[in-house]
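start.txt (compact mmCIF, C-alpha atoms and all ligand atoms) appears below.
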# COMPACT_ATOMS: atom_id res chain seq x y z
CA MET Z 1452 11.59 -27.69 -14.45
CA THR Z 1453 12.92 -25.67 -17.36
CA ALA Z 1454 16.67 -25.85 -17.15
CA ILE Z 1455 18.95 -22.86 -17.54
CA GLU Z 1456 21.98 -23.72 -19.64
CA GLU Z 1457 24.88 -21.92 -21.24
CA GLN Z 1458 23.85 -18.55 -19.90
CA GLN Z 1459 26.02 -15.74 -18.60
CA ILE Z 1460 24.67 -15.11 -15.14
CA LEU Z 1461 25.36 -12.49 -12.48
CA ILE Z 1462 24.21 -13.18 -8.93
CA THR Z 1463 24.37 -10.20 -6.62
CA GLY Z 1464 24.77 -11.24 -3.01
CA GLY Z 1465 26.39 -14.36 -4.44
CA ALA Z 1466 28.16 -15.21 -1.18
CA GLY Z 1467 25.02 -14.72 0.91
CA PHE Z 1468 22.35 -17.13 2.01
CA VAL Z 1469 20.10 -17.20 -1.07
CA GLY Z 1470 22.79 -16.12 -3.56
CA SER Z 1471 25.29 -18.84 -2.66
CA HIS Z 1472 22.65 -21.57 -3.03
CA LEU Z 1473 21.62 -20.17 -6.40
CA THR Z 1474 25.25 -20.02 -7.54
CA GLU Z 1475 25.71 -23.63 -6.49
CA ARG Z 1476 22.63 -24.74 -8.41
CA LEU Z 1477 23.48 -22.83 -11.60
CA ILE Z 1478 27.22 -23.24 -11.88
CA GLU Z 1479 27.17 -26.72 -13.43
CA ASP Z 1480 25.55 -25.59 -16.70
CA ASN Z 1481 26.29 -21.84 -16.86
CA ASP Z 1482 28.96 -19.19 -16.38
CA VAL Z 1483 28.22 -17.53 -13.07
CA ILE Z 1484 29.68 -14.37 -11.58
CA ALA Z 1485 28.97 -14.07 -7.86
CA LEU Z 1486 29.17 -10.47 -6.63
CA ASP Z 1487 29.30 -9.79 -2.91
CA ASP Z 1488 30.82 -7.22 -0.56
CA LEU Z 1489 31.16 -9.90 2.14
CA SER Z 1490 29.35 -7.71 4.67
CA ALA Z 1491 27.16 -10.70 5.49
CA GLY Z 1492 28.14 -13.42 3.04
CA LYS Z 1493 31.21 -15.64 3.27
CA GLN Z 1494 33.57 -16.26 0.39
CA ASP Z 1495 33.91 -19.91 1.48
CA ASP Z 1496 30.24 -20.38 0.58
CA VAL Z 1497 30.81 -19.43 -3.07
CA PRO Z 1498 31.39 -22.50 -5.27
CA GLU Z 1499 34.90 -22.55 -6.71
CA LYS Z 1500 33.83 -22.87 -10.33
CA SER Z 1501 32.08 -19.50 -10.27
CA THR Z 1502 33.89 -16.19 -10.69
CA PHE Z 1503 33.84 -14.36 -7.39
CA LYS Z 1504 33.94 -10.57 -7.46
CA GLN Z 1505 34.16 -8.67 -4.24
CA GLY Z 1506 32.53 -5.29 -4.43
CA ASP Z 1507 29.79 -2.96 -3.36
CA ILE Z 1508 26.43 -3.09 -5.13
CA CYS Z 1509 26.32 0.72 -4.81
CA ASN Z 1510 29.44 1.07 -6.97
CA ARG Z 1511 27.89 1.93 -10.33
CA ASP Z 1512 31.03 1.67 -12.45
CA PHE Z 1513 31.69 -1.77 -11.09
CA LEU Z 1514 28.11 -2.88 -11.80
CA ASP Z 1515 28.34 -1.47 -15.33
CA GLU Z 1516 31.48 -3.48 -15.93
CA LEU Z 1517 30.06 -6.71 -14.54
CA THR Z 1518 26.85 -6.62 -16.57
CA ASP Z 1519 28.48 -6.53 -20.01
CA ASP Z 1520 27.48 -9.72 -21.89
CA ILE Z 1521 25.13 -10.91 -19.14
CA ASP Z 1522 21.88 -12.77 -19.93
CA ILE Z 1523 20.29 -12.98 -16.48
CA VAL Z 1524 20.86 -11.17 -13.18
CA PHE Z 1525 19.52 -12.66 -9.95
CA HIS Z 1526 19.51 -9.69 -7.60
CA GLN Z 1527 19.79 -10.97 -4.04
CA ALA Z 1528 22.15 -8.40 -2.53
CA ALA Z 1529 20.41 -6.33 0.13
CA VAL Z 1530 20.46 -5.14 3.69
CA VAL Z 1531 18.18 -8.01 4.69
CA SER Z 1532 17.41 -7.13 8.29
CA VAL Z 1533 14.25 -5.20 9.11
CA GLN Z 1534 15.89 -4.16 12.38
CA ARG Z 1535 18.96 -2.78 10.59
CA SER Z 1536 16.69 -0.77 8.29
CA ILE Z 1537 14.99 0.74 11.33
CA GLU Z 1538 18.36 1.65 12.82
CA ASN Z 1539 19.71 3.06 9.56
CA PRO Z 1540 17.05 3.81 6.93
CA GLU Z 1541 19.32 5.83 4.64
CA THR Z 1542 21.94 3.13 4.19
CA CYS Z 1543 19.20 0.59 3.67
CA HIS Z 1544 17.65 2.78 1.00
CA GLU Z 1545 20.94 3.25 -0.85
CA VAL Z 1546 21.61 -0.46 -0.96
CA ASN Z 1547 18.08 -1.80 -1.37
CA THR Z 1548 16.52 0.84 -3.62
CA ASP Z 1549 19.11 3.09 -5.31
CA ALA Z 1550 21.39 0.22 -6.32
CA THR Z 1551 18.42 -1.78 -7.61
CA LEU Z 1552 17.18 1.15 -9.68
CA HIS Z 1553 20.60 1.37 -11.26
CA LEU Z 1554 20.49 -2.34 -12.05
CA LEU Z 1555 17.09 -1.81 -13.69
CA GLU Z 1556 18.63 0.95 -15.81
CA LEU Z 1557 21.40 -1.43 -16.85
CA ALA Z 1558 18.82 -4.11 -17.68
CA ARG Z 1559 16.97 -1.60 -19.84
CA GLU Z 1560 20.14 -0.57 -21.63
CA LYS Z 1561 21.74 -4.01 -22.02
CA ASP Z 1562 18.63 -6.10 -22.33
CA PHE Z 1563 19.23 -8.74 -19.67
CA ARG Z 1564 16.53 -10.32 -17.55
CA LEU Z 1565 16.39 -9.19 -13.92
CA VAL Z 1566 14.93 -11.47 -11.24
CA LEU Z 1567 14.63 -9.50 -8.01
CA ALA Z 1568 14.23 -10.40 -4.36
CA SER Z 1569 11.14 -8.64 -3.02
CA SER Z 1570 9.61 -9.47 0.35
CA ALA Z 1571 6.46 -10.24 2.31
CA ALA Z 1572 7.45 -7.15 4.35
CA ILE Z 1573 5.75 -5.04 1.66
CA TYR Z 1574 2.35 -6.14 2.99
CA GLY Z 1575 2.94 -4.96 6.57
CA GLN Z 1576 0.25 -6.17 8.98
CA PRO Z 1577 -2.09 -8.12 6.67
CA GLU Z 1578 -5.82 -7.52 6.95
CA THR Z 1579 -6.61 -11.11 5.98
CA VAL Z 1580 -4.67 -14.31 5.33
CA PRO Z 1581 -3.60 -15.98 3.15
CA ILE Z 1582 -2.01 -12.92 1.55
CA SER Z 1583 -2.38 -12.60 -2.20
CA GLU Z 1584 -0.37 -10.38 -4.47
CA ASN Z 1585 -3.07 -7.74 -4.89
CA ASP Z 1586 -3.66 -7.25 -1.16
CA SER Z 1587 -2.91 -3.84 0.33
CA LYS Z 1588 0.68 -2.76 0.80
CA THR Z 1589 1.24 -1.04 4.13
CA PRO Z 1590 4.88 -1.70 4.95
CA THR Z 1591 5.80 -0.94 8.55
CA SER Z 1592 9.57 -0.59 8.18
CA PRO Z 1593 12.04 1.21 5.90
CA TYR Z 1594 12.98 -2.25 4.64
CA GLY Z 1595 9.38 -2.92 3.60
CA ILE Z 1596 9.11 0.44 1.84
CA ASP Z 1597 12.34 -0.16 -0.07
CA LYS Z 1598 11.25 -3.62 -1.19
CA TRP Z 1599 7.83 -2.32 -2.26
CA THR Z 1600 9.53 0.45 -4.25
CA ILE Z 1601 11.77 -1.90 -6.22
CA ASP Z 1602 8.95 -4.38 -6.70
CA ARG Z 1603 6.89 -1.63 -8.37
CA TYR Z 1604 9.84 -0.26 -10.31
CA ALA Z 1605 10.41 -3.73 -11.73
CA GLN Z 1606 6.85 -3.87 -13.01
CA ILE Z 1607 7.02 -0.35 -14.39
CA TYR Z 1608 10.29 -1.02 -16.23
CA ASN Z 1609 8.59 -3.97 -17.88
CA ASP Z 1610 5.55 -1.89 -18.81
CA LEU Z 1611 7.42 1.18 -20.05
CA TYR Z 1612 10.57 -0.23 -21.60
CA ASP Z 1613 9.87 -3.96 -22.11
CA THR Z 1614 12.65 -4.79 -19.67
CA GLU Z 1615 12.21 -8.41 -18.58
CA THR Z 1616 11.72 -8.37 -14.82
CA VAL Z 1617 10.20 -10.73 -12.27
CA ALA Z 1618 9.91 -9.90 -8.55
CA LEU Z 1619 9.76 -12.71 -6.01
CA ARG Z 1620 8.12 -11.77 -2.72
CA TYR Z 1621 9.91 -14.01 -0.29
CA PHE Z 1622 8.14 -15.09 2.86
CA ASN Z 1623 10.28 -16.55 5.68
CA ILE Z 1624 13.16 -18.35 3.99
CA TYR Z 1625 15.30 -20.71 6.03
CA GLY Z 1626 17.92 -23.35 5.43
CA PRO Z 1627 21.62 -24.12 5.75
CA ARG Z 1628 23.99 -21.10 5.73
CA GLN Z 1629 21.40 -18.75 7.17
CA ARG Z 1630 23.04 -16.54 9.73
CA GLY Z 1631 22.17 -16.81 13.42
CA GLY Z 1632 22.61 -13.99 15.93
CA ASP Z 1633 20.54 -10.88 16.52
CA TYR Z 1634 19.90 -10.21 12.84
CA GLY Z 1635 19.25 -13.83 11.83
CA GLY Z 1636 15.91 -15.44 11.18
CA VAL Z 1637 13.97 -17.11 13.98
CA ILE Z 1638 14.85 -20.64 12.81
CA SER Z 1639 18.60 -20.09 12.96
CA ILE Z 1640 18.19 -18.41 16.36
CA PHE Z 1641 16.13 -21.30 17.76
CA ARG Z 1642 18.53 -23.85 16.23
CA ASP Z 1643 21.55 -22.24 17.92
CA GLN Z 1644 19.71 -22.02 21.23
CA ALA Z 1645 18.54 -25.64 21.04
CA LEU Z 1646 21.96 -27.02 20.15
CA ALA Z 1647 23.65 -24.96 22.90
CA GLY Z 1648 21.13 -26.23 25.46
CA GLU Z 1649 20.01 -22.65 26.09
CA PRO Z 1650 16.38 -21.49 26.47
CA ILE Z 1651 14.46 -21.19 23.21
CA THR Z 1652 13.15 -17.63 23.42
CA VAL Z 1653 9.67 -17.18 21.97
CA ASP Z 1654 8.58 -13.54 21.73
CA GLY Z 1655 5.14 -13.07 23.25
CA ASP Z 1656 2.78 -16.03 23.53
CA GLY Z 1657 4.01 -17.62 20.29
CA THR Z 1658 0.60 -17.58 18.59
CA GLN Z 1659 1.98 -15.35 15.80
CA THR Z 1660 2.41 -17.28 12.56
CA ARG Z 1661 4.79 -17.30 9.63
CA ASP Z 1662 5.09 -19.11 6.31
CA PHE Z 1663 8.48 -20.86 6.34
CA VAL Z 1664 9.87 -21.82 2.96
CA HIS Z 1665 13.03 -23.85 2.48
CA ILE Z 1666 15.96 -22.45 0.50
CA ASP Z 1667 15.81 -25.33 -2.02
CA ASP Z 1668 12.27 -24.29 -2.96
CA VAL Z 1669 13.35 -20.65 -3.23
CA VAL Z 1670 16.15 -21.61 -5.63
CA LYS Z 1671 13.55 -23.42 -7.77
CA ALA Z 1672 11.32 -20.34 -7.77
CA ASN Z 1673 14.22 -18.20 -9.01
CA ILE Z 1674 14.96 -20.56 -11.87
CA LEU Z 1675 11.32 -20.60 -12.89
CA ALA Z 1676 11.29 -16.79 -12.77
CA ALA Z 1677 14.34 -16.65 -15.01
CA THR Z 1678 12.61 -18.62 -17.73
CA THR Z 1679 8.94 -17.65 -17.46
CA GLU Z 1680 7.17 -15.76 -20.19
CA HIS Z 1681 5.20 -13.93 -17.49
CA THR Z 1682 7.50 -10.96 -17.04
CA GLY Z 1683 6.55 -7.73 -15.31
CA GLU Z 1684 4.89 -9.77 -12.59
CA ALA Z 1685 5.45 -10.28 -8.86
CA TYR Z 1686 4.91 -13.59 -7.09
CA ASN Z 1687 4.52 -14.64 -3.48
CA ILE Z 1688 7.07 -17.30 -2.67
CA GLY Z 1689 6.24 -19.26 0.45
CA ARG Z 1690 5.13 -22.78 1.23
CA GLY Z 1691 1.53 -21.69 1.60
CA GLN Z 1692 1.32 -23.14 5.14
CA GLN Z 1693 1.26 -21.22 8.38
CA THR Z 1694 3.15 -22.29 11.47
CA SER Z 1695 2.93 -20.64 14.87
CA ILE Z 1696 6.19 -19.64 16.52
CA ALA Z 1697 5.30 -21.72 19.61
CA GLU Z 1698 4.82 -24.78 17.40
CA LEU Z 1699 8.09 -24.03 15.64
CA ALA Z 1700 9.93 -23.81 18.98
CA GLU Z 1701 8.50 -27.16 20.10
CA THR Z 1702 9.30 -28.85 16.79
CA ILE Z 1703 12.92 -27.66 16.92
CA GLN Z 1704 13.13 -28.71 20.57
CA THR Z 1705 11.98 -32.23 19.65
CA LEU Z 1706 14.09 -32.62 16.50
CA ALA Z 1707 17.21 -31.31 18.24
CA ASN Z 1708 16.57 -33.69 21.13
CA THR Z 1709 17.65 -30.96 23.52
CA ASP Z 1710 17.20 -30.17 27.19
CA SER Z 1711 16.49 -26.55 26.24
CA GLU Z 1712 13.22 -25.22 27.57
CA VAL Z 1713 10.88 -23.05 25.54
CA THR Z 1714 10.50 -19.69 27.29
CA TYR Z 1715 7.97 -16.95 26.55
CA THR Z 1716 9.22 -13.36 26.75
CA GLU Z 1717 7.83 -9.91 25.97
CA PRO Z 1718 6.14 -9.62 22.55
CA ARG Z 1719 8.19 -7.92 19.87
CA PRO Z 1720 6.82 -4.38 19.36
CA GLY Z 1721 4.80 -4.12 16.16
CA ASP Z 1722 5.17 -7.84 15.42
CA ILE Z 1723 3.16 -9.24 12.48
CA GLU Z 1724 0.47 -11.48 13.94
CA GLU Z 1725 -0.37 -13.71 11.02
CA SER Z 1726 1.51 -14.33 7.83
CA VAL Z 1727 0.96 -16.94 5.16
CA ALA Z 1728 1.24 -16.67 1.40
CA ASP Z 1729 -1.38 -17.48 -1.15
CA ILE Z 1730 0.93 -19.06 -3.72
CA SER Z 1731 -1.68 -19.87 -6.34
CA LYS Z 1732 -0.36 -17.24 -8.77
CA ALA Z 1733 3.18 -18.70 -8.61
CA ARG Z 1734 1.70 -22.19 -8.99
CA GLU Z 1735 -0.37 -21.30 -12.01
CA GLU Z 1736 1.96 -18.99 -13.88
CA LEU Z 1737 5.43 -20.23 -12.89
CA GLY Z 1738 4.62 -23.87 -12.16
CA PHE Z 1739 6.06 -23.36 -8.66
CA GLU Z 1740 5.43 -26.23 -6.25
CA PRO Z 1741 7.21 -26.23 -2.89
CA THR Z 1742 8.35 -29.73 -1.95
CA VAL Z 1743 10.30 -29.46 1.31
CA SER Z 1744 8.18 -30.02 4.42
CA LEU Z 1745 9.01 -28.02 7.54
CA GLU Z 1746 10.33 -31.08 9.38
CA GLU Z 1747 12.54 -32.14 6.48
CA GLY Z 1748 13.79 -28.60 6.12
CA LEU Z 1749 14.53 -28.22 9.82
CA GLU Z 1750 16.56 -31.42 9.66
CA THR Z 1751 18.80 -29.84 6.99
CA VAL Z 1752 19.41 -26.88 9.27
CA LEU Z 1753 20.18 -29.05 12.29
CA GLU Z 1754 22.45 -31.35 10.27
CA GLU Z 1755 24.49 -28.40 9.07
CA ALA Z 1756 24.90 -27.03 12.59
CA ARG Z 1757 25.92 -30.43 13.92
CA GLY Z 1758 28.55 -30.56 11.17
CA ASN Z 1759 27.09 -33.58 9.34
N1 LIG P 1 10.95 -14.62 17.15
C1 LIG P 1 10.95 -15.20 18.41
N2 LIG P 1 12.14 -15.35 19.06
C2 LIG P 1 13.34 -14.97 18.52
C3 LIG P 1 13.33 -14.39 17.22
C4 LIG P 1 12.12 -14.22 16.57
O1 LIG P 1 9.90 -15.55 18.93
O2 LIG P 1 14.39 -15.15 19.17
C5 LIG P 1 9.66 -14.43 16.46
C6 LIG P 1 9.41 -12.99 16.04
O3 LIG P 1 8.84 -12.26 17.11
C7 LIG P 1 8.46 -13.17 14.89
C8 LIG P 1 8.87 -14.50 14.26
O4 LIG P 1 9.68 -15.16 15.24
O5 LIG P 1 7.13 -13.28 15.37
C9 LIG P 1 9.65 -14.38 12.98
O6 LIG P 1 10.73 -13.50 13.20
P1 LIG P 1 11.84 -13.22 12.10
O7 LIG P 1 12.68 -12.09 12.60
O8 LIG P 1 12.55 -14.50 11.76
O9 LIG P 1 11.03 -12.83 10.79
P2 LIG P 1 9.93 -11.68 10.47
O10 LIG P 1 9.34 -11.18 11.76
O11 LIG P 1 10.65 -10.63 9.72
O12 LIG P 1 8.90 -12.38 9.66
Kindly return the structure encoded in the file as structure tokens.
Ligand code: UDP
Amino acid sequence: MTAIEEQQILITGGAGFVGSHLTERLIEDNDVIALDDLSAGKQDDVPEKSTFKQGDICNRDFLDELTDDIDIVFHQAAVVSVQRSIENPETCHEVNTDATLHLLELAREKDFRLVLASSAAIYGQPETVPISENDSKTPTSPYGIDKWTIDRYAQIYNDLYDTETVALRYFNIYGPRQRGGDYGGVISIFRDQALAGEPITVDGDGTQTRDFVHIDDVVKANILAATTEHTGEAYNIGRGQQTSIAELAETIQTLANTDSEVTYTEPRPGDIEESVADISKAREELGFEPTVSLEEGLETVLEEARGN
């Protein structure tokens, strides 16, 4: 992999799930500023050698100040929950779209590269799988609309102003430090249930599928995006494998060696039935190759929760 060295880097959401892993990976060979408002992230997760700045991504003056002399921005700060965006679309829009547009303006003015977190949510209910980048975009939540907007803006800034942008369309990322609870991803929810000996709650019949990609592979994708010559592009970032939620529940049950039973509840309204990424574009243009299998990845999540 092309290394990134001696760069001045800003990571928004630097105390969050993806941002803190990126900071950790980049801090050895670069100067890294981790920006976070700590609404979801934890300062303890930010490596000590980085410069931590607490602040709101919507604070333009603060962003202006932080981006002086920066070479690369990894923009991970966002309201990441689809459910939260449904409850509060305006706040989600301010954080996920308005703040990102301002960052794009700063990238245009100051000439830094901007790698942005987009999302599989932009595709909505896919017509066919695997999903490739040119498939139709019919987002079904304010979150999906906001991510689609910034994904397009990134491309347009590249086309109009030669601003170096790359958008990464994350599928279902999981790994250590992912939050559990109502707004967490399904893997952290199932992990907490399994380790507490509580029922593992599958929505519906569990035949719905997702493409689970481990955080270590997502960090690699970001580094490739920061160095690629293919700017103005968007890439699906998944593992390229689909797993049903029922299968996921059973795998976690087995790996956690728990007495928890798998229970089937009401389907989630509007749930996506099938989701899996076609990652051939990322493979060909970025050299992206996911390496962490689901079982290996789930072990990292269970180890963390067991305190190993
Ligand atoms: N899910 C589930 N039980 C839970 C939480 C989620 O069965 O306690 C299912 C959910 O219905 C969906 C899948 O897991 O089909 C992935 O949900 P998540 O919220 O992690 O991601 P997204 O739906 O945004 O892809």
Got a sec to check which residues lie within 6 Å of ligand LIG 1 (chain P), using all atoms listed in the file, and send them as a VMD selection string? chain Z and resid 1623 1636 to 1637 1640 1652 to 1654 1659 1696 1719 1722
Exercise: Gly1648 (chain Z) partners within 6 Å, only C-alpha atoms, chain neighbours under 3 positions left out, as an MDAnalysis selection string: chainID Z and resid 1645 1710:1711
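Interatomic distance, CA of Lys1561 (chain Z) to CA of Asp1520 (chain Z): 8.1 Å.
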Would you mind reading off the distance between CA of Glu1556 (chain Z) and CA of Asp1482 (chain Z), one decimal, in Å?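 Rounded to one decimal, the two atoms are 22.6 Å apart.
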Determine the nearest neighbour of Ala1676 (chain Z) from the options Z:Leu1619, Z:Leu1489, Z:Ile1730, Z:Ile1703, counting all atoms listed in the file. Z:Leu1619
Rounded to one decimal, what separation in Å do you get between CA of Phe1525 (chain Z) and CA of Glu1584 (chain Z)? 20.8 Å
Name all residues at most 6 Å from Asn1481 (chain Z) (count all atoms listed in the file; drop same-chain ones fewer than 2 positions away) and give them as a list of chain:residue names.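 Skipping anything fewer than 2 positions along the chain leaves Z:Glu1456, Z:Glu1457, Z:Gln1458, Z:Ile1478.
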Pull the neighbourhood of (-0.2, -21.0, 11.4) for me: all residues within 10 Å in file coordinates, counting all atoms listed in the file, as JSON, numbers by chain. {"Z": [1658, 1659, 1660, 1661, 1662, 1691, 1692, 1693, 1694, 1695, 1696, 1697, 1698, 1699, 1724, 1725, 1726, 1727]}
Output C-alpha atoms for every residue in that selection, as a CSV table (one decimal), in the coordinates of the input.
chain,number,residue,atom,x,y,z
Z,1658,THR,CA,0.6,-17.6,18.6
Z,1659,GLN,CA,2.0,-15.4,15.8
Z,1660,THR,CA,2.4,-17.3,12.6
Z,1661,ARG,CA,4.8,-17.3,9.6
Z,1662,ASP,CA,5.1,-19.1,6.3
Z,1691,GLY,CA,1.5,-21.7,1.6
Z,1692,GLN,CA,1.3,-23.1,5.1
Z,1693,GLN,CA,1.3,-21.2,8.4
Z,1694,THR,CA,3.2,-22.3,11.5
Z,1695,SER,CA,2.9,-20.6,14.9
Z,1696,ILE,CA,6.2,-19.6,16.5
Z,1697,ALA,CA,5.3,-21.7,19.6
Z,1698,GLU,CA,4.8,-24.8,17.4
Z,1699,LEU,CA,8.1,-24.0,15.6
Z,1724,GLU,CA,0.5,-11.5,13.9
Z,1725,GLU,CA,-0.4,-13.7,11.0
Z,1726,SER,CA,1.5,-14.3,7.8
Z,1727,VAL,CA,1.0,-16.9,5.2
At a cut-off of 9 Å, using all atoms listed in the file, what residues contact Glu1736 (chain Z)? Leave out same-chain residues fewer than 3 positions from it and give the result as a ChimeraX atom specification. /Z:1679-1681,1731-1733,1739
Calculated over only C-alpha atoms, which of the candidates Z:Ser1587, Z:Gln1505, Z:Gln1704, Z:Thr1542 has the smallest distance to Asp1643 (chain Z)? Z:Gln1704
Please put the answer as lines of an AutoDock Vina configuration file: centre and edge lengths, in Å with one decimal, of a box along x, y and z that encloses all listed atoms of region 1709-1719 of chain Z plus 4 Å on each side.
center_x = 11.9
center_y = -19.4
center_z = 23.7
size_x = 19.5
size_y = 31.0
size_z = 15.7
Residues of region 1620-1678 of chain Z that have any atom at most 8 Å from an atom of region 1466-1475 of chain Z: could you tabulate them with the shortest-distance atom pair and the distance in Å to one decimal, using all atoms listed in the file, ordered by chain and increasing number, as a Markdown table?
| residue | atom | partner | partner_atom | distance |
| --- | --- | --- | --- | --- |
| Z:Pro1627 | CA | Z:Phe1468 | CA | 8.0 |
| Z:Arg1628 | CA | Z:Phe1468 | CA | 5.7 |
| Z:Gln1629 | CA | Z:Phe1468 | CA | 5.5 |
| Z:Arg1630 | CA | Z:Phe1468 | CA | 7.8 |
| Z:Ile1666 | CA | Z:Val1469 | CA | 6.9 |
| Z:Asp1667 | CA | Z:His1472 | CA | 7.9 |
| Z:Val1669 | CA | Z:Val1469 | CA | 7.9 |
| Z:Val1670 | CA | Z:Leu1473 | CA | 5.7 |
Where atoms are absent from region 1569-1581 of chain Z, fill them in so it carries N, CA, C and O atoms, then output it as a JSON list (two decimals), keeping the file's coordinate frame.
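Dumped to result.json:
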[["chain", "number", "residue", "atom", "x", "y", "z"],
["Z", 1569, "SER", "N", 12.04, -9.52, -3.76],
["Z", 1569, "SER", "CA", 11.14, -8.64, -3.02],
["Z", 1569, "SER", "C", 10.82, -9.36, -1.70],
["Z", 1569, "SER", "O", 11.51, -10.32, -1.34],
["Z", 1570, "SER", "N", 9.81, -8.92, -0.99],
["Z", 1570, "SER", "CA", 9.61, -9.47, 0.35],
["Z", 1570, "SER", "C", 8.16, -9.37, 0.81],
["Z", 1570, "SER", "O", 7.45, -8.42, 0.45],
["Z", 1571, "ALA", "N", 7.77, -10.30, 1.67],
["Z", 1571, "ALA", "CA", 6.46, -10.24, 2.31],
["Z", 1571, "ALA", "C", 6.34, -8.99, 3.19],
["Z", 1571, "ALA", "O", 5.21, -8.59, 3.53],
["Z", 1572, "ALA", "N", 7.48, -8.37, 3.52],
["Z", 1572, "ALA", "CA", 7.45, -7.15, 4.35],
["Z", 1572, "ALA", "C", 6.69, -6.01, 3.67],
["Z", 1572, "ALA", "O", 6.26, -5.07, 4.33],
["Z", 1573, "ILE", "N", 6.48, -6.11, 2.36],
["Z", 1573, "ILE", "CA", 5.75, -5.04, 1.66],
["Z", 1573, "ILE", "C", 4.29, -4.98, 2.09],
["Z", 1573, "ILE", "O", 3.64, -3.96, 1.97],
["Z", 1574, "TYR", "N", 3.77, -6.09, 2.62],
["Z", 1574, "TYR", "CA", 2.35, -6.14, 2.99],
["Z", 1574, "TYR", "C", 2.09, -5.55, 4.39],
["Z", 1574, "TYR", "O", 0.95, -5.26, 4.73],
["Z", 1575, "GLY", "N", 3.15, -5.42, 5.20],
["Z", 1575, "GLY", "CA", 2.94, -4.96, 6.57],
["Z", 1575, "GLY", "C", 2.04, -5.90, 7.33],
["Z", 1575, "GLY", "O", 2.09, -7.12, 7.13],
["Z", 1576, "GLN", "N", 1.18, -5.35, 8.19],
["Z", 1576, "GLN", "CA", 0.25, -6.17, 8.98],
["Z", 1576, "GLN", "C", -0.93, -6.54, 8.07],
["Z", 1576, "GLN", "O", -1.75, -5.69, 7.74],
["Z", 1577, "PRO", "N", -1.03, -7.80, 7.63],
["Z", 1577, "PRO", "CA", -2.09, -8.12, 6.67],
["Z", 1577, "PRO", "C", -3.48, -8.02, 7.29],
["Z", 1577, "PRO", "O", -3.66, -8.32, 8.46],
["Z", 1578, "GLU", "N", -4.44, -7.60, 6.46],
["Z", 1578, "GLU", "CA", -5.82, -7.52, 6.95],
["Z", 1578, "GLU", "C", -6.45, -8.91, 7.00],
["Z", 1578, "GLU", "O", -7.25, -9.22, 7.87],
["Z", 1579, "THR", "N", -6.11, -9.73, 6.02],
["Z", 1579, "THR", "CA", -6.61, -11.11, 5.98],
["Z", 1579, "THR", "C", -5.49, -12.03, 5.52],
["Z", 1579, "THR", "O", -4.54, -11.58, 4.88],
["Z", 1580, "VAL", "N", -5.60, -13.31, 5.86],
["Z", 1580, "VAL", "CA", -4.67, -14.31, 5.33],
["Z", 1580, "VAL", "C", -5.48, -15.43, 4.68],
["Z", 1580, "VAL", "O", -6.64, -15.63, 5.05],
["Z", 1581, "PRO", "N", -4.92, -16.17, 3.73],
["Z", 1581, "PRO", "CA", -3.60, -15.98, 3.15],
["Z", 1581, "PRO", "C", -3.50, -14.68, 2.34],
["Z", 1581, "PRO", "O", -4.50, -14.16, 1.87]]
